[in-house]
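Raw contents of upload21.cif, mmCIF, C-alpha atoms:
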```cif
data_final
loop_
_atom_site.group_PDB
_atom_site.id
_atom_site.type_symbol
_atom_site.label_atom_id
_atom_site.label_comp_id
_atom_site.auth_asym_id
_atom_site.auth_seq_id
_atom_site.Cartn_x
_atom_site.Cartn_y
_atom_site.Cartn_z
ATOM 1 C CA MET A 25 55.100 5.686 64.706
ATOM 2 C CA PRO A 26 54.272 1.971 64.374
ATOM 3 C CA ALA A 27 57.108 -0.372 65.294
ATOM 4 C CA THR A 28 58.930 -1.734 62.283
ATOM 5 C CA SER A 29 58.561 -5.229 63.735
ATOM 6 C CA GLY A 30 54.981 -5.055 62.487
ATOM 7 C CA PHE A 31 56.268 -3.860 59.120
ATOM 8 C CA PHE A 32 58.593 -6.873 58.982
ATOM 9 C CA GLU A 33 55.647 -9.230 59.444
ATOM 10 C CA TYR A 34 53.632 -7.240 56.887
ATOM 11 C CA ILE A 35 56.341 -7.716 54.241
ATOM 12 C CA LEU A 36 56.656 -11.442 54.897
ATOM 13 C CA CYS A 37 53.027 -12.409 55.488
ATOM 14 C CA ILE A 38 50.937 -9.871 53.559
ATOM 15 C CA LYS A 39 53.273 -8.950 50.690
ATOM 16 C CA ARG A 40 54.854 -12.441 50.713
ATOM 17 C CA LEU A 41 58.303 -11.136 49.849
ATOM 18 C CA SER A 42 61.583 -12.792 50.780
ATOM 19 C CA LEU A 43 63.348 -12.580 54.143
ATOM 20 C CA ASN A 44 66.237 -10.650 52.588
ATOM 21 C CA THR A 45 63.808 -8.131 51.088
ATOM 22 C CA ALA A 46 62.062 -7.732 54.447
ATOM 23 C CA ASN A 47 65.393 -7.082 56.154
ATOM 24 C CA THR A 48 66.362 -4.480 53.552
ATOM 25 C CA TYR A 49 63.008 -2.691 53.701
ATOM 26 C CA CYS A 50 63.085 -2.621 57.504
ATOM 27 C CA LEU A 51 66.601 -1.186 57.477
ATOM 28 C CA PHE A 52 65.430 1.937 55.642
ATOM 29 C CA ALA A 53 62.190 2.070 57.638
ATOM 30 C CA ASP A 54 64.246 2.059 60.849
ATOM 31 C CA LEU A 55 66.430 4.855 59.484
ATOM 32 C CA PHE A 56 63.356 6.934 58.675
ATOM 33 C CA ASP A 57 61.863 6.217 62.111
ATOM 34 C CA SER A 58 65.098 7.310 63.785
ATOM 35 C CA TYR A 59 65.127 10.514 61.727
ATOM 36 C CA CYS A 60 61.546 11.341 62.734
ATOM 37 C CA ASN A 61 62.290 10.628 66.395
ATOM 38 C CA SER A 62 65.381 12.838 66.315
ATOM 39 C CA LYS A 63 63.284 15.676 64.868
ATOM 40 C CA LYS A 64 60.439 14.923 67.291
ATOM 41 C CA ILE A 65 58.007 14.588 64.377
ATOM 42 C CA ARG A 66 54.777 12.694 64.932
ATOM 43 C CA ILE A 67 53.359 10.457 62.258
ATOM 44 C CA SER A 68 50.369 12.769 61.791
ATOM 45 C CA ASP A 69 52.689 15.724 61.144
ATOM 46 C CA ILE A 70 54.858 14.150 58.467
ATOM 47 C CA ASN A 71 54.706 15.954 55.137
ATOM 48 C CA PHE A 72 56.538 15.593 51.861
ATOM 49 C CA SER A 73 59.037 18.313 52.814
ATOM 50 C CA GLU A 74 60.129 16.261 55.811
ATOM 51 C CA ILE A 75 60.631 13.238 53.557
ATOM 52 C CA ILE A 76 62.848 15.296 51.248
ATOM 53 C CA SER A 77 64.764 16.559 54.314
ATOM 54 C CA PHE A 78 65.381 12.949 55.327
ATOM 55 C CA PHE A 79 67.044 12.185 51.997
ATOM 56 C CA ILE A 80 69.050 15.417 52.129
ATOM 57 C CA GLU A 81 70.347 14.522 55.578
ATOM 58 C CA LYS A 82 71.278 10.972 54.536
ATOM 59 C CA ASN A 83 73.032 12.343 51.429
ATOM 60 C CA TYR A 84 72.942 9.086 49.486
ATOM 61 C CA THR A 85 75.179 9.408 46.421
ATOM 62 C CA ASN A 86 74.627 6.035 44.780
ATOM 63 C CA ASN A 87 71.557 5.810 42.531
ATOM 64 C CA LEU A 88 71.044 2.155 43.391
ATOM 65 C CA THR A 89 70.981 2.967 47.123
ATOM 66 C CA ILE A 90 68.571 5.854 46.529
ATOM 67 C CA SER A 91 66.290 3.642 44.446
ATOM 68 C CA THR A 92 66.377 0.869 47.073
ATOM 69 C CA ALA A 93 65.613 3.381 49.827
ATOM 70 C CA ILE A 94 62.643 4.773 47.910
ATOM 71 C CA THR A 95 61.282 1.308 47.101
ATOM 72 C CA SER A 96 61.642 0.312 50.757
ATOM 73 C CA LEU A 97 59.924 3.441 52.038
ATOM 74 C CA ILE A 98 57.085 3.145 49.529
ATOM 75 C CA SER A 99 56.353 -0.270 51.024
ATOM 76 C CA TYR A 100 56.650 1.258 54.484
ATOM 77 C CA GLY A 101 54.141 3.935 53.477
ATOM 78 C CA ASP A 102 51.787 1.209 52.244
ATOM 79 C CA TYR A 103 52.126 -0.405 55.660
ATOM 80 C CA LEU A 104 51.336 2.866 57.435
ATOM 81 C CA CYS A 105 48.197 3.187 55.310
ATOM 82 C CA TYR A 106 47.356 -0.449 56.062
ATOM 83 C CA CYS A 107 47.587 0.383 59.777
ATOM 84 C CA ASN A 108 45.444 3.511 59.245
ATOM 85 C CA SER A 109 48.343 5.648 60.434
ATOM 86 C CA TRP A 110 48.389 7.467 57.081
ATOM 87 C CA GLN A 111 45.615 8.303 54.683
ATOM 88 C CA ASP A 112 47.901 8.643 51.669
ATOM 89 C CA ASN A 113 51.320 7.126 50.998
ATOM 90 C CA LEU A 114 53.484 10.243 50.691
ATOM 91 C CA PHE A 115 56.491 8.166 49.667
ATOM 92 C CA ARG A 116 54.802 7.448 46.340
ATOM 93 C CA ASN A 117 55.488 11.060 45.352
ATOM 94 C CA LEU A 118 59.201 10.255 45.237
ATOM 95 C CA GLU A 119 60.782 9.575 41.845
ATOM 96 C CA ARG A 120 63.316 6.790 41.592
ATOM 97 C CA PRO A 121 66.570 7.618 39.778
ATOM 98 C CA ARG A 122 67.306 5.714 36.602
ATOM 99 C CA ILE A 123 69.513 2.695 37.194
ATOM 100 C CA ILE A 124 71.812 1.716 34.353
ATOM 101 C CA SER A 125 72.226 -2.032 34.454
ATOM 102 C CA CYS A 126 75.756 -3.164 35.254
ATOM 103 C CA TYR A 127 75.063 -6.863 34.883
ATOM 104 C CA ARG A 128 76.539 -7.076 31.404
ATOM 105 C CA THR A 129 80.103 -6.930 32.690
ATOM 106 C CA ARG A 130 79.609 -9.167 35.698
ATOM 107 C CA TYR A 131 80.127 -12.680 34.431
ATOM 108 C CA LEU A 132 82.830 -15.270 33.844
ATOM 109 C CA SER A 133 83.525 -17.535 30.901
ATOM 110 C CA VAL A 134 83.183 -21.296 31.298
ATOM 111 C CA GLU A 135 86.980 -21.533 31.452
ATOM 112 C CA GLN A 136 87.171 -18.882 34.168
ATOM 113 C CA VAL A 137 84.521 -20.633 36.245
ATOM 114 C CA ASP A 138 86.576 -23.827 35.973
ATOM 115 C CA VAL A 139 89.695 -21.969 37.123
ATOM 116 C CA PHE A 140 87.742 -20.514 40.058
ATOM 117 C CA LEU A 141 86.290 -23.867 41.155
ATOM 118 C CA ASN A 142 89.633 -25.636 40.725
ATOM 119 C CA SER A 143 91.329 -23.062 42.974
ATOM 120 C CA ILE A 144 89.535 -24.500 46.023
ATOM 121 C CA ASP A 145 91.804 -26.699 48.135
ATOM 122 C CA THR A 146 89.781 -29.867 48.775
ATOM 123 C CA THR A 147 92.385 -31.366 51.120
ATOM 124 C CA THR A 148 90.739 -29.472 54.008
ATOM 125 C CA ILE A 149 87.259 -29.877 55.459
ATOM 126 C CA THR A 150 86.356 -26.255 54.709
ATOM 127 C CA GLY A 151 87.680 -26.737 51.178
ATOM 128 C CA LEU A 152 85.430 -29.762 50.673
ATOM 129 C CA ARG A 153 82.487 -27.728 51.921
ATOM 130 C CA ASP A 154 83.275 -24.707 49.753
ATOM 131 C CA ALA A 155 83.874 -26.842 46.668
ATOM 132 C CA ALA A 156 80.418 -28.410 47.105
ATOM 133 C CA LEU A 157 78.831 -25.048 47.892
ATOM 134 C CA PHE A 158 80.117 -23.088 44.904
ATOM 135 C CA GLU A 159 79.741 -26.012 42.500
ATOM 136 C CA LEU A 160 76.086 -26.327 43.517
ATOM 137 C CA ILE A 161 75.453 -22.584 43.185
ATOM 138 C CA TYR A 162 76.892 -22.621 39.681
ATOM 139 C CA SER A 163 75.363 -25.961 38.671
ATOM 140 C CA SER A 164 71.840 -25.009 39.803
ATOM 141 C CA GLY A 165 71.894 -21.218 39.505
ATOM 142 C CA LEU A 166 71.067 -20.712 43.176
ATOM 143 C CA ARG A 167 71.007 -17.399 44.964
ATOM 144 C CA CYS A 168 73.523 -17.195 47.799
ATOM 145 C CA SER A 169 70.724 -17.052 50.373
ATOM 146 C CA GLU A 170 69.067 -20.110 48.807
ATOM 147 C CA ALA A 171 72.272 -22.119 49.188
ATOM 148 C CA CYS A 172 72.731 -20.963 52.788
ATOM 149 C CA ASN A 173 69.140 -21.900 53.663
ATOM 150 C CA LEU A 174 69.197 -25.262 51.870
ATOM 151 C CA GLU A 175 68.004 -28.034 54.192
ATOM 152 C CA ILE A 176 69.082 -31.674 54.054
ATOM 153 C CA SER A 177 65.481 -32.746 53.510
ATOM 154 C CA ASN A 178 65.444 -30.722 50.273
ATOM 155 C CA LEU A 179 68.651 -32.221 48.877
ATOM 156 C CA ASN A 180 68.226 -35.370 46.789
ATOM 157 C CA LEU A 181 71.671 -36.728 45.914
ATOM 158 C CA GLN A 182 70.269 -39.785 44.189
ATOM 159 C CA ASN A 183 68.159 -37.825 41.704
ATOM 160 C CA CYS A 184 70.539 -34.830 41.623
ATOM 161 C CA THR A 185 67.875 -32.259 42.510
ATOM 162 C CA VAL A 186 67.310 -29.615 45.156
ATOM 163 C CA ILE A 187 64.012 -28.096 46.262
ATOM 164 C CA ILE A 188 64.414 -24.353 46.716
ATOM 165 C CA MET A 189 62.137 -21.867 48.455
ATOM 166 C CA GLY A 190 62.797 -18.726 46.448
ATOM 167 C CA LYS A 191 61.558 -15.155 46.481
ATOM 168 C CA GLY A 192 57.924 -14.693 47.378
ATOM 169 C CA MET A 193 57.990 -18.120 49.064
ATOM 170 C CA VAL A 194 57.738 -19.756 45.626
ATOM 171 C CA GLU A 195 59.061 -23.310 45.590
ATOM 172 C CA ARG A 196 60.968 -24.768 42.657
ATOM 173 C CA GLN A 197 62.896 -27.964 41.958
ATOM 174 C CA VAL A 198 66.257 -27.561 40.264
ATOM 175 C CA PRO A 199 68.654 -30.240 38.979
ATOM 176 C CA PHE A 200 72.416 -30.218 39.437
ATOM 177 C CA GLY A 201 75.222 -31.939 37.550
ATOM 178 C CA SER A 202 77.303 -35.033 38.225
ATOM 179 C CA LEU A 203 80.310 -32.987 39.340
ATOM 180 C CA ALA A 204 78.184 -31.195 41.941
ATOM 181 C CA LYS A 205 76.857 -34.584 43.057
ATOM 182 C CA GLN A 206 80.390 -35.899 43.543
ATOM 183 C CA LYS A 207 81.476 -32.850 45.544
ATOM 184 C CA LEU A 208 78.307 -32.881 47.639
ATOM 185 C CA ASN A 209 78.817 -36.577 48.388
ATOM 186 C CA ASP A 210 82.373 -35.927 49.564
ATOM 187 C CA TYR A 211 81.267 -33.023 51.704
ATOM 188 C CA MET A 212 78.276 -34.790 53.268
ATOM 189 C CA LYS A 213 80.191 -38.002 54.045
ATOM 190 C CA ILE A 214 83.568 -36.586 55.077
ATOM 191 C CA ALA A 215 83.601 -32.875 55.896
ATOM 192 C CA ARG A 216 80.171 -32.087 57.288
ATOM 193 C CA PRO A 217 80.325 -34.574 60.219
ATOM 194 C CA LEU A 218 83.788 -33.238 61.116
ATOM 195 C CA ILE A 219 82.555 -29.650 60.986
ATOM 196 C CA LEU A 220 79.529 -30.401 63.188
ATOM 197 C CA MET A 221 81.594 -32.362 65.732
ATOM 198 C CA GLY A 222 78.544 -34.139 67.149
ATOM 199 C CA ASN A 223 76.193 -31.176 66.801
ATOM 200 C CA LYS A 224 73.038 -31.461 64.737
ATOM 201 C CA SER A 225 71.701 -29.150 62.035
ATOM 202 C CA LYS A 226 68.990 -29.387 59.408
ATOM 203 C CA TYR A 227 71.019 -27.203 57.035
ATOM 204 C CA VAL A 228 73.402 -28.572 54.421
ATOM 205 C CA PHE A 229 76.196 -25.995 54.598
ATOM 206 C CA ILE A 230 77.593 -25.428 58.081
ATOM 207 C CA SER A 231 80.039 -22.868 59.459
ATOM 208 C CA ASN A 232 83.212 -24.415 60.839
ATOM 209 C CA TYR A 233 83.187 -21.847 63.652
ATOM 210 C CA THR A 234 79.575 -21.395 64.765
ATOM 211 C CA LYS A 235 78.369 -24.910 63.857
ATOM 212 C CA LYS A 236 75.307 -23.172 62.434
ATOM 213 C CA LYS A 237 74.312 -22.584 58.818
ATOM 214 C CA LEU A 238 76.637 -20.471 56.705
ATOM 215 C CA ASP A 239 75.646 -16.838 56.356
ATOM 216 C CA ARG A 240 75.961 -14.709 53.238
ATOM 217 C CA LYS A 241 78.845 -12.638 54.595
ATOM 218 C CA ASN A 242 80.895 -15.774 55.171
ATOM 219 C CA VAL A 243 80.127 -17.072 51.689
ATOM 220 C CA TRP A 244 81.007 -13.681 50.168
ATOM 221 C CA TYR A 245 84.358 -13.722 51.979
ATOM 222 C CA ARG A 246 85.144 -17.256 50.775
ATOM 223 C CA PHE A 247 84.205 -16.318 47.208
ATOM 224 C CA GLN A 248 86.596 -13.363 47.220
ATOM 225 C CA LEU A 249 89.329 -15.549 48.709
ATOM 226 C CA TYR A 250 89.103 -18.135 45.932
ATOM 227 C CA MET A 251 88.768 -15.512 43.224
ATOM 228 C CA GLU A 252 92.085 -14.026 44.330
ATOM 229 C CA ALA A 253 93.651 -17.484 44.556
ATOM 230 C CA ALA A 254 92.503 -18.143 40.981
ATOM 231 C CA GLY A 255 94.085 -14.885 39.821
ATOM 232 C CA LEU A 256 90.754 -13.487 38.644
ATOM 233 C CA LYS A 257 89.762 -9.840 38.946
ATOM 234 C CA THR A 258 87.122 -9.361 41.644
ATOM 235 C CA ASP A 259 85.920 -5.885 40.613
ATOM 236 C CA GLY A 260 82.163 -5.972 40.173
ATOM 237 C CA LEU A 261 82.019 -9.726 40.855
ATOM 238 C CA CYS A 262 80.261 -11.464 43.737
ATOM 239 C CA VAL A 263 78.711 -14.841 44.556
ATOM 240 C CA HIS A 264 75.657 -13.858 42.498
ATOM 241 C CA THR A 265 77.985 -13.841 39.491
ATOM 242 C CA LEU A 266 77.898 -17.662 39.510
ATOM 243 C CA ARG A 267 74.106 -17.583 39.159
ATOM 244 C CA HIS A 268 74.508 -15.161 36.302
ATOM 245 C CA CYS A 269 77.062 -17.473 34.674
ATOM 246 C CA PHE A 270 74.684 -20.402 35.081
ATOM 247 C CA ALA A 271 72.018 -18.609 33.025
ATOM 248 C CA THR A 272 74.413 -17.213 30.447
ATOM 249 C CA HIS A 273 76.207 -20.513 29.833
ATOM 250 C CA LEU A 274 72.915 -22.398 29.494
ATOM 251 C CA LEU A 275 71.707 -19.976 26.845
ATOM 252 C CA ASP A 276 75.027 -20.069 25.034
ATOM 253 C CA GLY A 277 74.714 -23.861 25.039
ATOM 254 C CA GLY A 278 71.353 -23.704 23.297
ATOM 255 C CA ALA A 279 68.845 -23.697 26.166
ATOM 256 C CA ASP A 280 65.685 -21.666 25.576
ATOM 257 C CA ILE A 281 65.135 -18.629 27.764
ATOM 258 C CA GLU A 282 61.818 -19.901 29.161
ATOM 259 C CA THR A 283 63.552 -22.980 30.585
ATOM 260 C CA VAL A 284 66.232 -20.776 32.129
ATOM 261 C CA ARG A 285 63.518 -18.565 33.611
ATOM 262 C CA ILE A 286 61.938 -21.553 35.352
ATOM 263 C CA LEU A 287 65.294 -22.814 36.642
ATOM 264 C CA LEU A 288 66.154 -19.388 38.051
ATOM 265 C CA GLY A 289 62.739 -19.016 39.657
ATOM 266 C CA HIS A 290 61.883 -15.761 37.903
ATOM 267 C CA SER A 291 58.235 -14.787 37.557
ATOM 268 C CA LEU A 292 58.906 -12.583 34.529
ATOM 269 C CA LEU A 293 60.863 -13.370 31.386
ATOM 270 C CA THR A 294 62.181 -9.798 31.321
ATOM 271 C CA THR A 295 63.936 -10.435 34.631
ATOM 272 C CA THR A 296 65.740 -13.432 33.163
ATOM 273 C CA ALA A 297 66.953 -11.319 30.244
ATOM 274 C CA ILE A 298 68.874 -9.106 32.687
ATOM 275 C CA TYR A 299 70.984 -12.065 33.768
ATOM 276 C CA THR A 300 71.875 -13.225 30.301
ATOM 277 C CA HIS A 301 74.102 -12.203 27.413
ATOM 278 C CA ILE A 302 72.636 -13.146 24.063
ATOM 279 C CA SER A 303 74.577 -12.211 20.972
ATOM 280 C CA SER A 304 72.792 -10.459 18.112
ATOM 281 C CA LYS A 305 73.547 -13.511 15.981
ATOM 282 C CA LYS A 306 71.758 -15.805 18.447
ATOM 283 C CA LEU A 307 68.791 -13.428 18.593
ATOM 284 C CA ALA A 308 68.610 -13.427 14.807
ATOM 285 C CA GLU A 309 68.687 -17.234 14.746
ATOM 286 C CA CYS A 310 65.847 -17.463 17.282
ATOM 287 C CA HIS A 311 63.848 -14.864 15.379
ATOM 288 C CA SER A 312 64.210 -16.789 12.116
ATOM 289 C CA ILE A 313 62.878 -19.970 13.732
ATOM 290 C CA TYR A 314 59.659 -18.455 15.053
ATOM 291 C CA PHE A 315 59.034 -15.690 12.523
ATOM 292 C CA ARG A 316 59.792 -17.183 9.109
ATOM 293 C CA MET A 317 58.807 -14.967 6.218
#
```
Let me see the file written as structure tokens.
Amino acid sequence: MPATSGFFEYILCIKRLSLNTANTYCLFADLFDSYCNSKKIRISDINFSEIISFFIEKNYTNNLTISTAITSLISYGDYLCYCNSWQDNLFRNLERPRIISCYRTRYLSVEQVDVFLNSIDTTTITGLRDAALFELIYSSGLRCSEACNLEISNLNLQNCTVIIMGKGMVERQVPFGSLAKQKLNDYMKIARPLILMGNKSKYVFISNYTKKKLDRKNVWYRFQLYMEAAGLKTDGLCVHTLRHCFATHLLDGGADIETVRILLGHSLLTTTAIYTHISSKKLAECHSIYFRM
């Protein structure tokens, strides 16, 4: 069976999907490879029954995990066809389970976001970093990975903008507010040099322990820490919640959904709608503007 290292390059270079997507797809491809090796099944002998047996053995109980696994393996099947290892992508015969969106409960009010951000102790160097990090994520609607991968060359403190390389290697420029600018200034001038301790890095947000860029697990841990300190319930909430709040609060403030789509870096307007909560009253108001009788 072809090495999944080639699949990784296929996802990034041919499909032009994000690094996180490539890692996820390769995870399930590796699991399927391991299953086939354990059963001593050659690529030419794989049939749909063996694919079903793989899912039975894994016994995934979460519909989201099942759907992600199927999506990943469909791409893997496309790769196998691309390599002429398969004639037909057998994974395309799988049916994804229906996923009921849970985004509608995963957001904070403006007041709750303020409580969360104010819970960060800025008397420490890590506090100054985290205050700048989470303020920027909320102020610009960044994905966690986008904040972790943000380079100094793409941060413009004078114009209050960041250049982000999003999903599909699509670049966008996003503004941030004056409060984020203030916190970023404090972090860059005071905390970041102390964290680096003479080391150099092209990334904005640095780990106090590794002296390398922050990773998503570290950011997730810090988010949970401050949520608890703020006395906010963490069930169903994660760092991505701040991006969701960014979109929701903009729309509630009167921004049009197309502008929010561009700021979030979505290719489809329907994707943006998932991240937002628009009241029926607001929908009626928008409808009356564009479809007057």
Name all residues at most 10 Å from Phe79 of chain A (count all atoms listed in the file; drop same-chain ones fewer than 2 positions away) and give them as a PDB file with C-alpha atoms, in the coordinates of the input.
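File written: selection.pdb
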```pdb
ATOM      1  CA  PHE A  56      63.356   6.934  58.675  1.00  0.00           C
ATOM      2  CA  GLU A  74      60.129  16.261  55.811  1.00  0.00           C
ATOM      3  CA  ILE A  75      60.631  13.238  53.557  1.00  0.00           C
ATOM      4  CA  ILE A  76      62.848  15.296  51.248  1.00  0.00           C
ATOM      5  CA  SER A  77      64.764  16.559  54.314  1.00  0.00           C
ATOM      6  CA  GLU A  81      70.347  14.522  55.578  1.00  0.00           C
ATOM      7  CA  LYS A  82      71.278  10.972  54.536  1.00  0.00           C
ATOM      8  CA  ASN A  83      73.032  12.343  51.429  1.00  0.00           C
ATOM      9  CA  TYR A  84      72.942   9.086  49.486  1.00  0.00           C
ATOM     10  CA  ILE A  90      68.571   5.854  46.529  1.00  0.00           C
ATOM     11  CA  ALA A  93      65.613   3.381  49.827  1.00  0.00           C
ATOM     12  CA  ILE A  94      62.643   4.773  47.910  1.00  0.00           C
TER      13      ILE A  94
END
```
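Between atom CA of Ala156 of chain A and atom CA of Leu208 of chain A the separation is 5.0 Å.
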Report task. Using the chain letters and numbering of this document, enumerate as a ChimeraX atom specification the residues selected by the PyMOL selection byres ((chain A and resi 282-289) around 10). Result -> /A:164-167,188-191,194-199,267-268,270-272,274-275,279-281,290-297,299-300
Query - Surrounding residues of Tyr245 of chain A excluding itself and chain neighbours under 4 positions, 12 Å, all atoms listed in the file, as a ChimeraX atom specification - result: /A:154,238-241,249-252,258,262-263
Using all atoms listed in the file, which residues of segment 96-188 of chain A come within 10 Å of segment 37-46 of chain A, and what is the closest atom pair for each, with the distance in Å to one decimal? Give it as CSV, sorted by chain and residue number.
```
residue,atom,partner,partner_atom,distance
A:Ser96,CA,A:Thr45,CA,8.7
A:Ser99,CA,A:Lys39,CA,9.2
A:Tyr103,CA,A:Ile38,CA,9.8
A:Ser169,CA,A:Asn44,CA,8.1
```
Query raised in the report: Closest to Cys50 of chain A among A:Leu97, A:Leu114, A:Leu152, A:Leu88, using only C-alpha atoms?
Result: A:Leu97
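With atom CA of Arg153 of chain A on one side and atom CA of Tyr211 of chain A on the other, the separation reads 5.4 Å.
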Requested in this report: Find the residues around Ile230 of chain A up to 10 Å (only C-alpha atoms counted), leave out those fewer than 3 positions away in its own chain, and share them as a VMD selection string.
Outcome: chain A and resid 150 153 172 215 to 217 219 to 220 225 to 227 233 to 239
Requested in this report: Show me as an MDAnalysis selection string the residues that reach within 10 Å of (82.9, -18.8, 30.0), counting only C-alpha atoms and using the file's own coordinates.
Outcome: chainID A and resid 131:138 269:270 272:273 276
Requested in this report: For atom CA of Thr95 of chain A and atom CA of Asp69 of chain A, quote the distance in Å rounded to one decimal.
Outcome: 21.9 Å
Query raised in the report: What residues come out when you apply the PyMOL selection byres ((chain A and resi 201) around 12) to this file, written as a PyMOL selection string?
Result: chain A and resi 156+159-165+181-186+198-200+202-208+270
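Near Val228 of chain A, within 7 Å and counting all atoms listed in the file, sit Leu174, Glu175 and Ile176 of chain A, not including residues fewer than 3 positions from it in the same chain.
Ranking A:Tyr34, A:Tyr59, A:Phe229, A:Trp110 by their shortest atom-to-atom distance to Ala155 of chain A, with all atoms listed in the file included, puts A:Phe229 first.
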Query - Nearest residue to Asn61 of chain A from the set A:Phe78, A:Leu36, A:Asn223, A:Met212 (distances using all atoms listed in the file) - result: A:Phe78
